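Q: Please see the structure below; I have some questions.
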There are 4 protein chains.
Amino acid sequence: MTTGAGPAISIAEFQEIMRDGVPLVASFGVEVEAIGVGTIRLRMPCRDLFVRPGGTVVGPAMFALADVALYGVVLSLIGRVELAVTTSMTINFLRRPALKPVIAEARIIKLGQRLAYGEITLYSEGEADPVAHVTGTYSIPPHRPVEIDSPRYQIAPAADKVS
Amino acid sequence: MTTGAGPAISIAEFQEIMRDGVPLVASFGVEVEAIGVGTIRLRMPCRDLFVRPGGTVVGPAMFALADVALYGVVLSLIGRVELAVTTSMTINFLRRPALKPVIAEARIIKLGQRLAYGEITLYSEGEADPVAHVTGTYSIPPHRPVEIDSPRYQIAPAADKVS
Amino acid sequence: MTTGAGPAISIAEFQEIMRDGVPLVASFGVEVEAIGVGTIRLRMPCRDLFVRPGGTVVGPAMFALADVALYGVVLSLIGRVELAVTTSMTINFLRRPALKPVIAEARIIKLGQRLAYGEITLYSEGEADPVAHVTGTYSIPPHRPVEIDSPRYQIAPAADKVS
Amino acid sequence: MTTGAGPAISIAEFQEIMRDGVPLVASFGVEVEAIGVGTIRLRMPCRDLFVRPGGTVVGPAMFALADVALYGVVLSLIGRVELAVTTSMTINFLRRPALKPVIAEARIIKLGQRLAYGEITLYSEGEADPVAHVTGTYSIPPHRPVEIDSPRYQIAPAADKVS
């Protein structure tokens with residue numbers, strides 16, 4: 001079932017999608033480090049604007065990074081689909097991040113026809129313990145059928161009762 | 001039990017706290033419209049950077065507004081306490097917001113000694129239906145006792161088992 | 001736009017739906033106290049099986065009550081639709097409930113074509129402060145058009161971008 | 001830093017804790033299949049009471065299983081601590097489960113002094129794709145210091161700013 005095509009968008013394509021479609025988050029300097037089939041790794045530098053008293057990174061910047069990571073990981077499976085939007089996200093802040101770049105690692109847990117659900121873990125760069133853990137749901141508008149390069153993420157209309 | 005003192009911070013004080021302590025969100029142009037005892041109303045203008053394809057406001061800007069609204073509504077009860085931080089938030093996006101300012105109305109549902117839990121509803125300015133609904137928990141560091149101007153939000157150490 | 005018909009199901013109908021379709025929760029003795037258009041009030045007695053050490057009601061019983069309350073409040077708007085299912089819920093436990101019946105008050109915040117989003121507040125019977133606060137999303141399968149007796153909850157296909 | 005002692009409670013001890021402390025969930029027939037240091041695997045049979053129309057397992061039974069799995073995985077690290085309670089949980093239902101036993105696999109993502117945060121994935125027995133994904137926070141009452149048999153989960157008071 002694997003086509004050998006790899007992720008449905010390249011690093012360069014997702015950089016461009018961010019720049020054109022999510023300019024706020026692009027303005028934070030977010031860079032794509034890696035894209036796989038259903039996985040992505042992003043890096044956000046620590047800007048002066050993100051610093052909070054006590055020397056930590058402001059929560060909304062971390063949320064923004066997680067949100068765009070979920071967007072990217074959805075597109076890694078279905079390719080460039082316009083108007084896909086987040087429907088819900090839950091973020092748990094686990095440790096005060098140091099004043100360092102923040103790394104987001106995201107993966108899709110369930111890909112349905114209309115909804116995708118994934119998980120994003122945030123780390124301070126170079127550290128092992130997560131600073132935040134996020135789960136979220138993306139709404140996918142009607143789109144042409146896609147061929148997904150992974151047996152793990154086939155869209156099965158008949159069995160796909162929940163989303 | 002009411003002291004007649006009203007909210008524990010003024011509009012001007014919270015504007016200053018945002019500017020000094022949450023510069024990212026302050027840079028979004030968020031303004032305080034009203035503060036009560038356990039309630040707050042904020043307004044965020046619709047910046048060019050917030051626009052997404054399809055003509056809607058980017059989710060992380062709405063999250064940032066909700067997050068700072070929860071911060072403000074906690075301080076409206078306990079006053080300026082350093083290092084209070086969000087521990088978790090759940091955001092549900094309900095409608096695509098128009099390209100208009102976004103209004104946040106927040107209220108505290110539970111104030112404990114160590115945790116506060118509240119709810120934030122976001123609207124496009126001038127519209128009745130919410131564009132997003134958010135719940136969140138704030139962690140409150142040890143602080144001197146405060147007198148709260150509301151019978152609704154007294155901190156009752158003995159009964160306060162959960163937080 | 002109001003038809004004067006009131007809620008789309010009666011108390012007796014929802015009692016029957018619970019008994020036939022959600023036997024686990026019906027076995028908890030949950031009773032419907034009131035149904036409105038987009039609102040519901042349920043009561044769950046405090047069974048011996050619900051008691052936890054420290055003299056409090058077990059969390060999953062409260063979740064079950066909230067879940068069925070969300071189901072009821074969705075049906076209060078759209079009537080008996082088979083196979084509507086919860087897609088996500090977030091529960092925050094705020095106070096240890098006393099060993100008393102638990103009351104659930106639910107309301108719909110957003111009704112879309114495919115998803116409904118609502119909020120449930122749980123109280124110990126006769127007490128003013130909530131013991132838990134819950135938000136959740138229900139997935140609504142394709143169904144015949146319904147006429148809703150409330151200007152507040154009209155389903156507007158064109159504007160209903162998110163769900 | 002590893003003591004070689006393994007998890008802080010045994011399978012038999014947690015079975016007993018469930019039976020005595022969480023009788024509702026014990027009455028569902030939940031069994032412990034495995035306990036590690038910061039991990040647990042539980043199995044819940046599919047009772048007649050759990051069946052919903054369409055031939056699927058009722059959501060609150062899955063929530064109950066996830067909740068007790070989080071309890072168990074906290075105790076696997078800190079041992080038998082009375083009055084630990086869930087403070088919040090978010091459950092996402094991903095697929096309609098078949099009428100089969102449900103397996104819960106839980107792990108702790110962050111262990112703090114006062115709060116623990118973990119993730120629970122639910123499967124239909126023998127199937128690879130999850131039916132639900134849950135995250136939750138447990139509140140840990142003040143307790144004597146514990147020695148944890150894992151470098152991954154040391155409690156570091158000074159660095160433990162968030163919880």
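Lettering and numbering for the structure tokens are positional, with chains as A, B, ... in the shown order, residues counted from 1 in each chain, and ligands counted from 1 in the shown order.
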Kindly determine which residues of chain D lie within 10 Å of chain A, considering only C-alpha atoms, and give the answer as number ranges by chain.
A: D: 90, 92-97, 109-112, 115-119, 128-137, 152-153, 159-163
Q: After a least-squares superposition on chain B over all sequentially paired C-alpha atoms, what is chain C as a CSV table (one decimal) with C-alpha atoms, in the first residue's frame?
A:
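Final file, superposed.csv:
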```
chain,number,residue,atom,x,y,z
C,1,MET,CA,-17.6,39.7,53.5
C,2,THR,CA,-17.5,42.2,50.8
C,3,THR,CA,-15.0,45.0,51.3
C,4,GLY,CA,-16.4,47.4,48.8
C,5,ALA,CA,-13.0,47.6,47.2
C,6,GLY,CA,-13.9,46.1,43.8
C,7,PRO,CA,-11.4,44.2,41.7
C,8,ALA,CA,-8.0,43.7,43.1
C,9,ILE,CA,-6.3,45.4,40.1
C,10,SER,CA,-7.4,48.3,38.0
C,11,ILE,CA,-7.6,48.5,34.2
C,12,ALA,CA,-4.5,50.6,34.1
C,13,GLU,CA,-2.6,48.2,36.3
C,14,PHE,CA,-3.4,45.2,34.2
C,15,GLN,CA,-2.5,47.1,31.0
C,16,GLU,CA,0.9,47.8,32.6
C,17,ILE,CA,1.3,44.1,33.7
C,18,MET,CA,0.6,43.0,30.2
C,19,ARG,CA,3.0,45.5,28.7
C,20,ASP,CA,5.8,44.5,31.1
C,21,GLY,CA,5.1,40.8,31.7
C,22,VAL,CA,3.4,39.5,28.5
C,23,PRO,CA,5.0,41.7,25.8
C,24,LEU,CA,4.0,39.3,23.0
C,25,VAL,CA,0.3,39.7,23.7
C,26,ALA,CA,0.7,43.4,24.4
C,27,SER,CA,2.3,43.7,21.0
C,28,PHE,CA,-1.0,42.4,19.5
C,29,GLY,CA,-2.7,45.6,20.8
C,30,VAL,CA,-4.9,43.9,23.4
C,31,GLU,CA,-6.8,46.4,25.5
C,32,VAL,CA,-8.8,46.0,28.7
C,33,GLU,CA,-12.4,47.1,28.3
C,34,ALA,CA,-13.6,46.2,31.8
C,35,ILE,CA,-12.5,44.5,35.0
C,36,GLY,CA,-14.9,43.2,37.7
C,37,VAL,CA,-14.4,40.9,40.7
C,38,GLY,CA,-13.8,37.6,38.9
C,39,THR,CA,-14.6,38.9,35.4
C,40,ILE,CA,-12.8,40.7,32.6
C,41,ARG,CA,-13.4,41.9,29.1
C,42,LEU,CA,-10.6,42.4,26.6
C,43,ARG,CA,-10.5,43.5,23.0
C,44,MET,CA,-7.9,42.5,20.4
C,45,PRO,CA,-7.8,44.4,17.1
C,46,CYS,CA,-7.6,42.4,13.9
C,47,ARG,CA,-4.0,42.8,12.7
C,48,ASP,CA,-2.8,42.0,9.1
C,49,LEU,CA,-0.6,39.3,10.7
C,50,PHE,CA,-3.6,37.5,12.1
C,51,VAL,CA,-5.4,37.0,8.7
C,52,ARG,CA,-5.6,33.5,7.4
C,53,PRO,CA,-6.7,32.4,3.9
C,54,GLY,CA,-10.4,32.4,3.7
C,55,GLY,CA,-10.5,35.7,5.5
C,56,THR,CA,-10.4,34.6,9.2
C,57,VAL,CA,-8.4,35.3,12.3
C,58,VAL,CA,-5.5,32.9,13.1
C,59,GLY,CA,-6.2,30.5,16.0
C,60,PRO,CA,-3.0,31.3,18.1
C,61,ALA,CA,-4.0,35.0,18.3
C,62,MET,CA,-7.3,33.9,19.8
C,63,PHE,CA,-5.5,31.6,22.2
C,64,ALA,CA,-3.2,34.4,23.2
C,65,LEU,CA,-6.1,36.7,23.9
C,66,ALA,CA,-7.9,34.0,26.0
C,67,ASP,CA,-4.7,33.2,27.9
C,68,VAL,CA,-4.1,36.8,28.9
C,69,ALA,CA,-7.8,37.1,29.8
C,70,LEU,CA,-7.6,34.2,32.2
C,71,TYR,CA,-4.5,35.8,33.7
C,72,GLY,CA,-6.3,39.1,34.2
C,73,VAL,CA,-9.4,37.5,35.7
C,74,VAL,CA,-7.2,35.7,38.2
C,75,LEU,CA,-5.5,38.9,39.2
C,76,SER,CA,-8.8,40.6,39.5
C,77,LEU,CA,-9.4,38.4,42.5
C,78,ILE,CA,-6.0,38.0,44.1
C,79,GLY,CA,-4.1,41.1,42.9
C,80,ARG,CA,-0.6,41.3,41.5
C,81,VAL,CA,1.0,38.0,42.2
C,82,GLU,CA,4.2,37.3,40.4
C,83,LEU,CA,4.8,34.1,38.5
C,84,ALA,CA,1.2,32.9,38.3
C,85,VAL,CA,1.3,30.6,35.2
C,86,THR,CA,-1.2,28.8,33.0
C,87,THR,CA,-1.1,25.0,33.6
C,88,SER,CA,-3.6,23.9,31.0
C,89,MET,CA,-6.0,25.3,28.5
C,90,THR,CA,-8.6,23.7,26.2
C,91,ILE,CA,-9.8,25.8,23.3
C,92,ASN,CA,-12.7,24.9,21.0
C,93,PHE,CA,-13.1,26.9,17.8
C,94,LEU,CA,-16.8,27.2,17.0
C,95,ARG,CA,-17.1,29.6,14.0
C,96,ARG,CA,-14.7,31.2,11.7
C,97,PRO,CA,-14.3,34.7,13.0
C,98,ALA,CA,-14.8,37.6,10.7
C,99,LEU,CA,-11.9,40.0,10.0
C,100,LYS,CA,-13.0,42.1,13.0
C,101,PRO,CA,-11.6,42.8,16.5
C,102,VAL,CA,-12.1,39.8,18.9
C,103,ILE,CA,-13.6,40.3,22.3
C,104,ALA,CA,-12.8,38.0,25.2
C,105,GLU,CA,-15.1,37.7,28.2
C,106,ALA,CA,-13.6,35.7,31.0
C,107,ARG,CA,-14.9,34.6,34.4
C,108,ILE,CA,-13.5,32.5,37.2
C,109,ILE,CA,-15.4,29.4,38.0
C,110,LYS,CA,-13.3,28.2,40.9
C,111,LEU,CA,-10.6,29.9,42.9
C,112,GLY,CA,-8.5,27.6,45.1
C,113,GLN,CA,-5.4,28.2,47.1
C,114,ARG,CA,-3.1,26.9,44.4
C,115,LEU,CA,-5.2,26.6,41.3
C,116,ALA,CA,-7.8,28.8,39.7
C,117,TYR,CA,-10.1,27.6,36.9
C,118,GLY,CA,-12.0,29.8,34.5
C,119,GLU,CA,-13.8,30.1,31.3
C,120,ILE,CA,-13.3,32.5,28.4
C,121,THR,CA,-15.7,33.1,25.6
C,122,LEU,CA,-14.5,34.8,22.4
C,123,TYR,CA,-16.7,36.9,20.1
C,124,SER,CA,-16.2,38.9,16.9
C,125,GLU,CA,-16.9,42.4,18.0
C,126,GLY,CA,-20.6,43.3,17.7
C,127,GLU,CA,-21.7,39.7,17.2
C,128,ALA,CA,-23.8,37.5,19.5
C,129,ASP,CA,-22.5,34.0,18.7
C,130,PRO,CA,-19.2,33.0,20.1
C,131,VAL,CA,-16.3,32.2,17.8
C,132,ALA,CA,-14.4,30.1,20.4
C,133,HIS,CA,-14.8,28.8,23.9
C,134,VAL,CA,-11.9,28.2,26.2
C,135,THR,CA,-11.4,26.7,29.7
C,136,GLY,CA,-8.1,26.9,31.6
C,137,THR,CA,-6.3,26.4,34.9
C,138,TYR,CA,-3.9,28.8,36.4
C,139,SER,CA,-1.3,27.8,39.0
C,140,ILE,CA,-1.0,30.4,41.8
C,141,PRO,CA,2.3,30.4,43.7
C,142,PRO,CA,2.3,30.8,47.5
C,143,HIS,CA,1.3,34.4,48.3
C,144,ARG,CA,0.2,36.5,51.2
C,145,PRO,CA,-3.5,36.2,52.1
C,146,VAL,CA,-5.8,38.3,50.1
C,147,GLU,CA,-9.2,39.8,50.9
C,148,ILE,CA,-11.5,39.2,48.0
C,149,ASP,CA,-14.4,41.6,47.4
C,150,SER,CA,-16.9,38.8,46.6
C,151,PRO,CA,-18.7,36.2,48.7
C,152,ARG,CA,-18.6,34.1,45.5
C,153,TYR,CA,-14.8,33.7,45.5
C,154,GLN,CA,-13.6,33.3,49.1
C,155,ILE,CA,-10.7,30.9,49.4
C,156,ALA,CA,-11.6,28.3,52.0
C,157,PRO,CA,-8.4,26.4,52.9
C,158,ALA,CA,-10.1,23.6,54.7
C,159,ALA,CA,-12.7,22.8,52.1
C,160,ASP,CA,-10.4,23.4,49.3
C,161,LYS,CA,-9.5,19.7,48.8
C,162,VAL,CA,-9.0,19.6,45.1
C,163,SER,CA,-6.6,22.4,44.4
```
Q: DSSP says strand (DSSP E) for which residues of stretch 14-161 of chain D? Put them as a ChimeraX atom specification?
A: /D:31-35,39-44,51-52,56-57,85-93,102-111,115-124,130-139
